[in-house]
>>> print(open('data-v9.cif').read())   # mmCIF, C-alpha atoms
data_run
loop_
_atom_site.label_atom_id
_atom_site.label_comp_id
_atom_site.auth_asym_id
_atom_site.auth_seq_id
_atom_site.Cartn_x
_atom_site.Cartn_y
_atom_site.Cartn_z
CA MET K 1 -2.39 26.67 1.42
CA THR K 2 -5.64 26.02 -0.43
CA ASN K 3 -8.84 26.40 1.55
CA TYR K 4 -10.38 22.95 2.05
CA LYS K 5 -13.72 24.19 0.63
CA GLU K 6 -12.07 24.73 -2.76
CA LYS K 7 -11.07 21.06 -2.83
CA LEU K 8 -14.66 19.87 -2.29
CA GLN K 9 -15.49 20.55 -5.95
CA LYS K 10 -13.25 17.68 -7.15
CA ILE K 11 -14.49 14.99 -4.73
CA THR K 12 -15.87 11.79 -6.27
CA THR K 13 -14.93 9.32 -3.54
CA PHE K 14 -15.47 9.23 0.20
CA MET K 15 -13.38 6.85 2.29
CA PHE K 16 -14.11 6.26 5.95
CA ASP K 17 -12.81 4.35 8.90
CA TYR K 18 -15.68 2.77 10.83
CA ASP K 19 -15.09 2.70 14.60
CA GLY K 20 -14.59 6.23 15.90
CA VAL K 21 -15.92 7.82 12.68
CA MET K 22 -19.24 6.16 11.89
CA THR K 23 -19.55 5.19 15.56
CA ASP K 24 -18.54 6.96 18.74
CA GLY K 25 -15.88 4.32 19.27
CA ALA K 26 -17.61 2.74 22.26
CA LEU K 27 -18.09 -1.01 22.28
CA ILE K 28 -20.63 -2.71 24.51
CA LEU K 29 -19.45 -6.27 24.91
CA GLN K 30 -22.12 -8.94 25.09
CA HIS K 31 -21.48 -12.09 27.10
CA GLU K 32 -21.23 -14.02 23.80
CA GLY K 33 -18.28 -11.82 22.87
CA GLN K 34 -19.93 -9.87 20.03
CA PRO K 35 -19.56 -6.10 20.43
CA LEU K 36 -22.53 -3.77 20.03
CA ARG K 37 -21.98 -0.45 18.26
CA SER K 38 -24.34 2.44 17.64
CA ALA K 39 -24.52 4.30 14.33
CA ASN K 40 -26.08 7.64 13.43
CA VAL K 41 -29.18 7.45 11.23
CA LYS K 42 -28.42 10.86 9.69
CA ASP K 43 -25.03 9.55 8.58
CA GLY K 44 -26.83 6.54 7.10
CA TYR K 45 -29.26 8.72 5.17
CA VAL K 46 -26.54 10.83 3.53
CA LEU K 47 -24.36 7.79 2.77
CA GLN K 48 -27.12 6.13 0.75
CA LEU K 49 -27.94 9.48 -0.90
CA ALA K 50 -24.31 9.94 -1.98
CA ILE K 51 -24.37 6.48 -3.57
CA LYS K 52 -27.59 7.33 -5.44
CA LEU K 53 -25.90 10.48 -6.72
CA GLY K 54 -22.96 8.48 -8.11
CA TYR K 55 -20.27 8.95 -5.46
CA ARG K 56 -18.08 6.09 -4.30
CA ILE K 57 -18.36 5.24 -0.62
CA VAL K 58 -15.51 3.12 0.71
CA VAL K 59 -15.11 1.80 4.25
CA ILE K 60 -11.72 0.55 5.39
CA SER K 61 -11.74 -0.76 8.95
CA GLY K 62 -9.60 -2.90 11.17
CA GLY K 63 -12.71 -4.13 12.94
CA PHE K 64 -15.10 -6.82 11.83
CA SER K 65 -18.55 -7.98 12.81
CA LYS K 66 -21.57 -9.36 11.01
CA SER K 67 -23.69 -6.43 12.23
CA VAL K 68 -21.35 -3.97 10.50
CA GLU K 69 -21.66 -5.94 7.24
CA ASN K 70 -25.45 -5.91 7.62
CA ARG K 71 -25.52 -2.15 8.20
CA PHE K 72 -23.59 -1.48 5.00
CA GLY K 73 -25.71 -3.94 3.05
CA ALA K 74 -28.85 -2.07 4.14
CA LEU K 75 -27.29 1.19 2.89
CA ASN K 76 -26.16 -0.36 -0.45
CA ILE K 77 -22.50 0.26 0.39
CA THR K 78 -20.55 -2.47 -1.37
CA ASP K 79 -16.95 -1.25 -1.15
CA VAL K 80 -16.41 -2.41 2.42
CA PHE K 81 -13.09 -3.77 3.65
CA LEU K 82 -13.22 -5.14 7.20
CA GLY K 83 -10.53 -6.76 9.31
CA VAL K 84 -7.85 -4.75 7.47
CA LYS K 85 -4.39 -4.80 9.03
CA ASP K 86 -2.70 -2.38 6.59
CA LYS K 87 -5.05 0.27 5.22
CA MET K 88 -2.43 1.50 2.71
CA VAL K 89 -2.56 -1.82 0.86
CA VAL K 90 -6.35 -1.67 0.46
CA TYR K 91 -6.21 2.04 -0.44
CA ASN K 92 -3.57 1.58 -3.15
CA GLU K 93 -5.31 -1.44 -4.66
CA TYR K 94 -8.67 0.35 -4.68
CA ILE K 95 -7.54 3.57 -6.34
CA THR K 96 -5.50 1.65 -8.92
CA LYS K 97 -8.42 -0.68 -9.76
CA HIS K 98 -10.86 2.23 -10.16
CA GLY K 99 -8.49 4.80 -11.69
CA ILE K 100 -9.16 7.38 -8.99
CA LYS K 101 -6.93 10.41 -8.56
CA GLU K 102 -5.91 11.21 -5.00
CA ASP K 103 -7.27 14.77 -5.20
CA GLU K 104 -10.76 13.27 -5.78
CA ILE K 105 -10.73 11.52 -2.39
CA ILE K 106 -11.83 12.53 1.08
CA TYR K 107 -10.70 10.20 3.83
CA MET K 108 -12.18 10.59 7.30
CA GLY K 109 -10.25 8.84 10.03
CA ASP K 110 -9.84 9.23 13.75
CA ASP K 111 -6.72 7.42 14.90
CA ILE K 112 -3.19 6.26 14.06
CA PRO K 113 -4.16 3.36 11.70
CA ASP K 114 -5.68 6.02 9.38
CA TYR K 115 -2.63 8.29 9.38
CA ARG K 116 -0.72 7.02 6.33
CA VAL K 117 -3.78 6.94 4.07
CA MET K 118 -4.82 10.40 5.22
CA LYS K 119 -1.38 11.74 4.26
CA LYS K 120 -1.99 10.53 0.66
CA VAL K 121 -5.52 11.72 -0.14
CA GLY K 122 -6.57 15.07 -1.53
CA LEU K 123 -8.64 15.97 1.52
CA PRO K 124 -7.96 14.39 4.92
CA VAL K 125 -10.71 15.14 7.44
CA CYS K 126 -11.63 13.94 10.92
CA PRO K 127 -14.26 14.02 13.65
CA ALA K 128 -13.95 16.47 16.54
CA ASP K 129 -12.80 13.73 18.90
CA ALA K 130 -10.02 12.30 16.71
CA SER K 131 -6.53 11.78 18.12
CA GLN K 132 -4.26 14.80 18.07
CA GLU K 133 -1.96 13.27 15.46
CA ILE K 134 -4.93 12.92 13.08
CA LYS K 135 -6.17 16.43 13.81
CA ASP K 136 -2.69 17.75 13.01
CA ILE K 137 -2.83 16.41 9.43
CA SER K 138 -6.51 17.11 8.74
CA ALA K 139 -7.54 19.89 6.37
CA TYR K 140 -10.93 19.96 8.11
CA ILE K 141 -11.99 18.94 11.62
CA SER K 142 -15.74 18.49 11.98
CA ASP K 143 -17.45 20.14 14.93
CA LEU K 144 -19.15 16.77 15.44
CA GLY K 145 -17.66 13.68 17.01
CA GLY K 146 -17.47 10.16 15.68
CA GLY K 147 -20.93 8.61 15.44
CA LYS K 148 -22.48 12.02 16.10
CA GLY K 149 -23.00 13.21 12.52
CA CYS K 150 -19.45 13.98 11.31
CA VAL K 151 -20.00 11.77 8.24
CA ARG K 152 -23.16 13.69 7.36
CA ASP K 153 -21.28 16.94 7.92
CA ILE K 154 -18.56 16.32 5.31
CA ILE K 155 -20.77 14.63 2.71
CA GLU K 156 -23.37 17.40 2.97
CA GLN K 157 -20.65 20.03 2.43
CA VAL K 158 -19.52 18.29 -0.77
CA LEU K 159 -23.06 17.92 -2.08
CA LYS K 160 -23.79 21.59 -1.42
CA VAL K 161 -20.60 22.83 -3.11
CA GLN K 162 -21.28 20.58 -6.11
CA GLY K 163 -24.93 21.71 -6.37
CA LYS K 164 -26.32 18.26 -5.54
CA TRP K 165 -27.94 18.98 -2.17
CA MET K 166 -31.74 19.10 -1.93
CA THR K 167 -32.24 17.64 -5.40
CA GLU K 168 -35.14 15.34 -6.28
CA GLU K 169 -33.14 12.29 -5.11
CA SER K 170 -32.87 13.81 -1.63
CA PHE K 171 -36.51 13.18 -0.83
CA TYR K 172 -36.51 9.41 -1.12
CA TRP K 173 -34.78 6.95 1.16
#
>>> encode(input="data-v9.cif", output="structure tokens")
Amino acid sequence: MTNYKEKLQKITTFMFDYDGVMTDGALILQHEGQPLRSANVKDGYVLQLAIKLGYRIVVISGGFSKSVENRFGALNITDVFLGVKDKMVVYNEYITKHGIKEDEIIYMGDDIPDYRVMKKVGLPVCPADASQEIKDISAYISDLGGGKGCVRDIIEQVLKVQGKWMTEESFYW
């Protein structure tokens, strides 16, 4: 089997679940019913950097809230699909529309709704606290949990392998 690091050279597109990957999966429920989530600022920094460097960032999530939309807007992430019931449908439509090869894609997921997409992409990866079924199909398991820097971990690895880490663009938010 190919070492996952060898596959990093081909990556052009990062796909992520939101809850449990970009957050720790905890929801604090307000009395109005809107959930509060926390996100990692280091993940945010590297997400916007990857966009500046020409990578596609795609979020496919079953969850939905206005605060999540606002977070992605602030990071200039436009390929955001929230409230998704079948992630395979969104995945197939997206790669067809953009002509992306599956071996160019990393997908980071943490639970069963991510499973089928992760089986299709070139490099399935997950946070340290993902479900066992997701860990079993992942080529790489971050040492970091969801919302604790796992997104930064995998994007930084790609940028380093592709010689795009610590370039002039890195110094400006």
>>> closest_residue(input="data-v9.cif", among="K:Ala139, K:Val90, K:Ile105, K:Ala128", to="Ile11 of chain K", atoms="all atoms listed in the file")
K:Ile105
>>> resolve_selection(input="data-v9.cif", expression="the PyMOL selection byres ((chain K and resi 109) around 10)", output="PyMOL selection string")
chain K and resi 15-22+60-61+106-108+110-115+117-118+124-127+130-131+134-135+138+146
>>> atom_distance(input="data-v9.cif", atom1="atom CA of Leu29 of chain K", atom2="atom CA of Ser67 of chain K")
13.4 Å
>>> closest_residue(input="data-v9.cif", among="K:Asn3, K:Asn40, K:Ser170, K:Asn76", to="Gly122 of chain K", atoms="all atoms listed in the file")
K:Asn3
>>> resolve_selection(input="data-v9.cif", expression="the PyMOL selection byres ((chain K and resi 148) around 9)", output="JSON list (two decimals) with C-alpha atoms, in the coordinates of the input")
[["chain", "number", "residue", "atom", "x", "y", "z"],
["K", 21, "VAL", "CA", -15.92, 7.82, 12.68],
["K", 22, "MET", "CA", -19.24, 6.16, 11.89],
["K", 23, "THR", "CA", -19.55, 5.19, 15.56],
["K", 24, "ASP", "CA", -18.54, 6.96, 18.74],
["K", 39, "ALA", "CA", -24.52, 4.30, 14.33],
["K", 40, "ASN", "CA", -26.08, 7.64, 13.43],
["K", 42, "LYS", "CA", -28.42, 10.86, 9.69],
["K", 43, "ASP", "CA", -25.03, 9.55, 8.58],
["K", 127, "PRO", "CA", -14.26, 14.02, 13.65],
["K", 144, "LEU", "CA", -19.15, 16.77, 15.44],
["K", 145, "GLY", "CA", -17.66, 13.68, 17.01],
["K", 146, "GLY", "CA", -17.47, 10.16, 15.68],
["K", 147, "GLY", "CA", -20.93, 8.61, 15.44],
["K", 149, "GLY", "CA", -23.00, 13.21, 12.52],
["K", 150, "CYS", "CA", -19.45, 13.98, 11.31],
["K", 151, "VAL", "CA", -20.00, 11.77, 8.24],
["K", 152, "ARG", "CA", -23.16, 13.69, 7.36]]
>>> closest_residue(input="data-v9.cif", among="K:Thr78, K:Ser142, K:Asn70, K:Ser65", to="Asp129 of chain K", atoms="all atoms listed in the file")
K:Ser142
>>> residues_around(input="data-v9.cif", residues="Phe64 of chain K", least_positions_apart="3", cutoff="8 Å", atoms="all atoms listed in the file", output="ChimeraX atom specification")
/K:61,68,82-83
>>> closest_residue(input="data-v9.cif", among="K:Ile57, K:Met88, K:Ala74, K:Leu8", to="Lys160 of chain K", atoms="all atoms listed in the file")
K:Leu8
>>> resolve_selection(input="data-v9.cif", expression="the PyMOL selection byres ((chain K and resi 157) around 12)", output="PyMOL selection string")
chain K and resi 4-9+11+46+50+106+140+142+150-156+158-166
>>> atom_distance(input="data-v9.cif", atom1="atom CA of Thr13 of chain K", atom2="atom CA of Tyr55 of chain K")
5.7 Å
>>> atom_distance(input="data-v9.cif", atom1="atom CA of Gly99 of chain K", atom2="atom CA of Val121 of chain K")
13.8 Å
>>> residues_near_point(input="data-v9.cif", point="(-36.8, 12.5, -1.7)", cutoff="12 Å", atoms="only C-alpha atoms", output="ChimeraX atom specification")
/K:45-46,48-49,52,165-173
>>> write_last_selection(input="data-v9.cif", atoms="C-alpha atoms", output="JSON list (two decimals), keeping the file's coordinate frame")
[["chain", "number", "residue", "atom", "x", "y", "z"],
["K", 45, "TYR", "CA", -29.26, 8.72, 5.17],
["K", 46, "VAL", "CA", -26.54, 10.83, 3.53],
["K", 48, "GLN", "CA", -27.12, 6.13, 0.75],
["K", 49, "LEU", "CA", -27.94, 9.48, -0.90],
["K", 52, "LYS", "CA", -27.59, 7.33, -5.44],
["K", 165, "TRP", "CA", -27.94, 18.98, -2.17],
["K", 166, "MET", "CA", -31.74, 19.10, -1.93],
["K", 167, "THR", "CA", -32.24, 17.64, -5.40],
["K", 168, "GLU", "CA", -35.14, 15.34, -6.28],
["K", 169, "GLU", "CA", -33.14, 12.29, -5.11],
["K", 170, "SER", "CA", -32.87, 13.81, -1.63],
["K", 171, "PHE", "CA", -36.51, 13.18, -0.83],
["K", 172, "TYR", "CA", -36.51, 9.41, -1.12],
["K", 173, "TRP", "CA", -34.78, 6.95, 1.16]]
